[in-house]
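The structure under discussion appears below in the form of structure tokens.
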Amino acid sequence: MRRPVSLYGLTFSLPLLIWQLLFFVFPLVFLIALSFWTVRNFRMQADFDTVNWTTMYGRAIFWQAYGTTLALAAGAAVLTSLLAFPVAYAIAFKLSDRARRWAIMLMVIPFFTSYLVRVYSWQVFLSDAGLINVMLGWVGLGPYGLLNTPGATLLGFVTLAFPLVVLLQLFSLIFIDRTLIEAAHNMRCGRLRTVFAVVIPSARVGLVIAALFAFILSFGDFVSPIYLGGGDPTTLSILITDTTKSGQQWPRAAVIALTMIVTLMVVAFLSIRFAYRGRK
Amino acid sequence: MTQDPTQDPLVTFDGVAKRFGSYTAVQKMDLQIHQGEFLAIMGSSGCGKTTTLRMLAGLEAPSEGVIRLSGKPINDLPSWSRDTPMVWQSLALFPFLSVIENVEFALKMRGMGRAERRARAEQWLDRMGIAEFADRNISQLSGGQRQRVALARSLVVEPQILLLDEPLSALDAALKVRMQSVLKTLQRETGITFVYVTHSQSEAFSMADRVVIMSRGKIEQIGTPQEIYRAPRTSFVADFLGSSNIFPGQLTRDGQGQPIIATPSGDFALPAGNTLGIAGQSASLTVLDTRMQIHLQPPGDARNSVAARMIGEEFVGATATIYFETEDGREIRVQKAHEDLADLSLAIGKPFHLSWSPADGHLVSE
């Protein structure tokens, strides 16, 4: 039987519903429509033509950028997860309750500062005349071209995702039943082995979701590939700006954006399915 | 019951104490656990029984004293280097592993090969009657089935000793009784030493060969269930068991020089050979509620007796528990079969005389 919609419930759910319609569903529908429009003499015309899709999907640069973005985002997800885990583990299991509250606060502080500022500050470290090369110069090394490399882009992604990943991992680790860890020790499972045999499987959902967030943040990021990666190799976000700038090709940019949205949805679906695999 | 007193004890607690900051959970404890016995450690919450068990498992380090397993000190041995499997109150089964993977876990940690450990695990699942659930998730099992998985998981390594921390407390009454007999049978068949921590007297007394009663971090009494039931050593134990009436008083002598105890409810003759010490000392007389008689008139013989008013009654099965209050305000329970009560025409507020033979009294220290 269907429950009648109450006015009370509606009052509270309506704003969210309107918000979602205005700023998510309508733009998405518009984006889909836009991808079938055409551009004549630098002017867009409402149309239904698949030319944008065939053009974009027929270009090698598109697939190169797609592969690059996917690889960098996946790399960032793995790297950030690996770097964040020891930190989250230490905060969850090694600190006192008081110290843990401080650590959580320190992890929140990066959200107060602009990501752009944090990326610029990496330039200070990485440029040819930057801190790292100067210090290497003292011992007669370098300078090395650290800036404008895929490695620098990756570093930017890690900077972007690290605090969030630590927090997400931390919250899944804190809620692990401590008796499970004791039970493992009780059955001759040493400390390190317990991390792999009990802690990680227990926190799997949270760990996968943390990595997924790192992937999502990195996949759509424009700042790090431009200011640390130097725009080479091209990522999908850079390709979007290039496409819009060259000849008002908004419809082609819509094709890239939709491809990215679908990719993110597929990745999110697959990782959540993996996270909950074997659970009832 | 098969313990041999000449054999060295499996576990020895030698002056073991455990403090958490300023709180003392266990005070200087001496305890010996024999090979093959079923030992229950009983007490109310916070008495230190679980801490004692956790120290044995290596999950807490003693602040003082030495714990020995088969004669060897194990204080500095981390829990993953001990063979002291434990069954938790929450069971602590791994929800991310299947039933059989849970049972295999300890064998895997010992480096046993896949085929062999699967065979051993299957054998134990079969023995516990849950072979058909081998590939299920833990969340798909009932409480009793989970209990059996937890037991199989601990017993699969065929240890010398098994530690159990209130494993039955989450079960309903009927299942609890069934699991008690499962546990007792398992212990008898395997000959593994069981150390069973519980707050439940019925669990401890129905399964254990010996019972340790703890209160506020100290051992109050160690003995067989019969010994403790018949002869509680302290008034705490008598009170904790709840089946004795307790009369606190002073030891003294009557006009003929016979030892008696003077209590606010009256002077009572003592059982022969059961004088704790010297006249003037404080002590309590305990009398089991099943050993008391109810009369309409004072018995007028050598029996101890006290006048009391009936204040209530309770019927459980074939026995009735009748509550009385003495003139000095002490509550007394008496247990009787229904047929023994027919002639008394019980009524709330009616005066009666309660009596017991001096031989049924038992003297305890404060």
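Note on naming: chains are A, B, ... as they come in the structure tokens, residues start from 1 per chain, ligands start from 1 in the order shown.
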> What residues in chain A lie within 10 Å of chain B, counting only C-alpha atoms, written as a list in words?
Replying inline: Asp177, Arg178, Thr179, Leu180, Ile181, Glu182, Ala183, Ala184, His185, Asn186, Met187, Arg188, Cys189, Gly190, Arg191, Arg193, Ala197, Val198, Pro201, Ser202, Ala203, Arg204, Arg277, Gly278, Arg279 and Lys280 of chain A
Emit the selected residues as a tab-separated table (two decimals), in the first residue's frame, including C-alpha atoms.
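Output contents, as saved in part-v1.tsv:
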chain	number	residue	atom	x	y	z
A	177	ASP	CA	34.93	-3.94	16.92
A	178	ARG	CA	38.11	-4.11	19.02
A	179	THR	CA	37.30	-7.61	20.22
A	180	LEU	CA	37.80	-8.81	16.63
A	181	ILE	CA	41.40	-7.60	16.84
A	182	GLU	CA	41.83	-9.26	20.23
A	183	ALA	CA	40.30	-12.45	18.85
A	184	ALA	CA	42.83	-12.43	16.01
A	185	HIS	CA	45.72	-11.98	18.47
A	186	ASN	CA	44.20	-14.76	20.55
A	187	MET	CA	44.45	-17.07	17.52
A	188	ARG	CA	48.15	-16.51	16.94
A	189	CYS	CA	47.71	-13.68	14.47
A	190	GLY	CA	50.52	-11.17	15.08
A	191	ARG	CA	50.15	-7.39	14.94
A	193	ARG	CA	49.20	-9.77	10.07
A	197	ALA	CA	43.67	-10.30	8.06
A	198	VAL	CA	41.19	-8.37	10.21
A	201	PRO	CA	38.62	-6.57	5.72
A	202	SER	CA	36.57	-5.04	8.57
A	203	ALA	CA	37.04	-1.50	7.24
A	204	ARG	CA	36.75	-2.48	3.57
A	277	ARG	CA	30.80	-7.97	-2.09
A	278	GLY	CA	29.94	-10.97	0.04
A	279	ARG	CA	27.88	-8.92	2.51
A	280	LYS	CA	24.24	-9.53	3.14
>> Using only C-alpha atoms, which protein or nucleic acid residues come within 7 Å of Ser35 (chain A)? Drop anything in the same chain fewer than 4 positions from it, and give the result as a PyMOL selection string.
In response: chain A and resi 31+52+251-252+254-255
Take the residues that were just selected and, keeping C-alpha atoms, output them as an mmCIF file, in the first residue's frame.
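So the final result, stored in again_36.cif, reads:
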data_model
loop_
_atom_site.group_PDB
_atom_site.id
_atom_site.type_symbol
_atom_site.label_atom_id
_atom_site.label_comp_id
_atom_site.auth_asym_id
_atom_site.auth_seq_id
_atom_site.Cartn_x
_atom_site.Cartn_y
_atom_site.Cartn_z
ATOM 1 C CA LEU A 31 24.032 19.127 -21.274
ATOM 2 C CA ASN A 52 29.917 16.154 -32.014
ATOM 3 C CA PRO A 251 28.595 21.004 -27.813
ATOM 4 C CA ARG A 252 31.876 19.064 -28.147
ATOM 5 C CA ALA A 254 29.411 18.647 -23.536
ATOM 6 C CA VAL A 255 30.378 15.310 -25.111
#
> Nearest to Thr185 (chain B) among B:Gln7, B:Phe38, B:Asp301, B:Gly361, with distances taken over only C-alpha atoms: which residue is it?
Replying inline: B:Phe38
>> Using only C-alpha atoms, which protein or nucleic acid residues come within 10 Å of Thr12 (chain B)? Drop anything in the same chain fewer than 5 positions from it, and give the result as a PyMOL selection string.
In response: chain B and resi 29-34+56+66-73
Save out the residues we just selected, N, CA and C atoms, as a CSV table (one decimal), in the first residue's frame.
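New file part21.csv:
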chain,number,residue,atom,x,y,z
B,29,MET,N,46.4,-12.2,43.8
B,29,MET,CA,45.6,-13.4,43.7
B,29,MET,C,46.5,-14.6,43.6
B,30,ASP,N,46.1,-15.6,44.3
B,30,ASP,CA,46.8,-16.9,44.2
B,30,ASP,C,45.7,-17.9,43.7
B,31,LEU,N,46.0,-18.6,42.6
B,31,LEU,CA,45.0,-19.5,42.1
B,31,LEU,C,45.7,-20.6,41.3
B,32,GLN,N,45.2,-21.8,41.5
B,32,GLN,CA,45.8,-22.9,40.7
B,32,GLN,C,44.7,-23.6,39.9
B,33,ILE,N,44.9,-23.8,38.6
B,33,ILE,CA,44.0,-24.4,37.7
B,33,ILE,C,44.5,-25.7,37.3
B,34,HIS,N,43.8,-26.8,37.6
B,34,HIS,CA,44.3,-28.1,37.3
B,34,HIS,C,44.0,-28.6,35.9
B,56,LEU,N,45.1,-14.1,31.7
B,56,LEU,CA,45.6,-15.5,31.3
B,56,LEU,C,45.7,-15.5,29.8
B,66,VAL,N,53.2,-13.3,39.1
B,66,VAL,CA,53.6,-14.2,38.0
B,66,VAL,C,52.4,-15.1,37.6
B,67,ILE,N,52.2,-15.3,36.3
B,67,ILE,CA,51.2,-16.3,35.8
B,67,ILE,C,52.0,-17.4,35.1
B,68,ARG,N,51.8,-18.6,35.5
B,68,ARG,CA,52.5,-19.7,34.9
B,68,ARG,C,51.6,-20.6,34.1
B,69,LEU,N,52.0,-21.0,32.9
B,69,LEU,CA,51.2,-22.0,32.2
B,69,LEU,C,52.2,-23.2,32.0
B,70,SER,N,51.7,-24.4,32.4
B,70,SER,CA,52.6,-25.6,32.4
B,70,SER,C,53.9,-25.3,33.1
B,71,GLY,N,53.9,-24.5,34.1
B,71,GLY,CA,55.2,-24.3,34.9
B,71,GLY,C,56.0,-23.1,34.4
B,72,LYS,N,55.7,-22.7,33.1
B,72,LYS,CA,56.5,-21.6,32.5
B,72,LYS,C,55.9,-20.2,32.7
B,73,PRO,N,56.6,-19.2,33.2
B,73,PRO,CA,56.0,-17.9,33.4
B,73,PRO,C,55.6,-17.3,32.0
>> DSSP on the backbone, strand (DSSP E) only: what residues of region 22-268 of chain A does that give? Format it as a PyMOL selection string.
In response: chain A and resi 38-40+43-45
Store the residues picked out above in a file with N, CA and C atoms, as a PDB file, in the first residue's frame.
ATOM      1  N   THR A  38      24.708  22.087 -32.994  1.00  0.00           N
ATOM      2  CA  THR A  38      25.801  22.310 -33.963  1.00  0.00           C
ATOM      3  C   THR A  38      26.285  23.756 -33.859  1.00  0.00           C
ATOM      4  N   VAL A  39      27.521  23.983 -34.358  1.00  0.00           N
ATOM      5  CA  VAL A  39      28.112  25.319 -34.337  1.00  0.00           C
ATOM      6  C   VAL A  39      28.382  25.738 -35.782  1.00  0.00           C
ATOM      7  N   ARG A  40      27.759  26.863 -36.183  1.00  0.00           N
ATOM      8  CA  ARG A  40      28.010  27.404 -37.538  1.00  0.00           C
ATOM      9  C   ARG A  40      28.508  28.828 -37.389  1.00  0.00           C
ATOM     10  N   ARG A  43      28.642  30.291 -34.031  1.00  0.00           N
ATOM     11  CA  ARG A  43      27.380  30.458 -33.303  1.00  0.00           C
ATOM     12  C   ARG A  43      26.703  29.112 -33.126  1.00  0.00           C
ATOM     13  N   MET A  44      26.189  28.885 -31.902  1.00  0.00           N
ATOM     14  CA  MET A  44      25.528  27.613 -31.622  1.00  0.00           C
ATOM     15  C   MET A  44      24.104  27.630 -32.133  1.00  0.00           C
ATOM     16  N   GLN A  45      23.665  26.474 -32.658  1.00  0.00           N
ATOM     17  CA  GLN A  45      22.288  26.336 -33.123  1.00  0.00           C
ATOM     18  C   GLN A  45      21.705  25.079 -32.495  1.00  0.00           C
TER      19      GLN A  45
END
> How many Å lie between CA of Pro9 (chain B) and CA of Ile228 (chain B), rounded to one decimal?
Replying inline: 21.5 Å
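From CA of Asn245 (chain B) back to CA of Leu288 (chain B), the distance works out to 6.2 Å.
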> Which neighbours of region 235-242 of chain B fall inside 8 Å, counting only C-alpha atoms, when residues of the same chain fewer than 5 positions from it are skipped, and could you give them as JSON, numbers by chain?
Replying inline: {"B": [201, 213, 220, 221, 229, 284, 286, 364, 365, 366]}
>> I'd like the neighbourhood of Ile272 (chain A) as a list in words, where a residue qualifies if any of its atoms comes within 9 Å (using only C-alpha atoms), though same-chain residues fewer than 4 positions away should be ignored.
In response: Val205, Val208, Ile209, Leu212, Val267, Ala268, Tyr276 and Arg277 of chain A
Those same residues, written as a CSV table (one decimal), in the first residue's frame with N, CA and C atoms?
chain,number,residue,atom,x,y,z
A,205,VAL,N,34.6,-1.4,3.4
A,205,VAL,CA,33.6,-0.5,2.8
A,205,VAL,C,34.2,1.0,2.9
A,208,VAL,N,37.3,1.5,0.6
A,208,VAL,CA,37.0,1.6,-0.8
A,208,VAL,C,36.3,3.0,-1.1
A,209,ILE,N,35.4,3.4,-0.3
A,209,ILE,CA,34.7,4.7,-0.5
A,209,ILE,C,35.7,5.8,-0.4
A,212,LEU,N,37.5,5.9,-3.6
A,212,LEU,CA,36.6,6.3,-4.6
A,212,LEU,C,36.5,7.9,-4.6
A,267,VAL,N,32.5,3.8,-12.4
A,267,VAL,CA,33.5,3.6,-11.4
A,267,VAL,C,32.9,3.5,-10.0
A,268,ALA,N,32.0,4.5,-9.7
A,268,ALA,CA,31.4,4.5,-8.4
A,268,ALA,C,30.6,3.2,-8.2
A,276,TYR,N,30.9,-3.9,-1.1
A,276,TYR,CA,29.9,-4.7,-0.3
A,276,TYR,C,29.8,-6.2,-0.8
A,277,ARG,N,30.8,-6.6,-1.6
A,277,ARG,CA,30.8,-8.0,-2.1
A,277,ARG,C,30.8,-8.9,-0.9
> Restricting the calculation to only C-alpha atoms, which member of B:Leu285, B:Ala17, B:Leu125, B:Leu155 is positioned closest to Thr234 (chain B)?
Replying inline: B:Leu285
>> So that I can check the surroundings of Glu166 (chain B), please list as a list in words every protein, DNA and RNA residue that reaches within 12 Å of it, counting only C-alpha atoms and ignoring chain neighbours fewer than 4 positions away.
In response: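 Listing them by chain and then by number gives Ala40, Ile41, Met42, Gly43, Ser44, Ser45, Lys49, Thr50, Leu53, Met86, Val87, Trp88, Gln89, Ser90, Leu91, Gln147, Ala170, Leu171, Lys176, Gln180, Val195, Tyr196, Val197, Thr198, His199, Ser200, Gln201, Glu203 and Ala204 of chain B.
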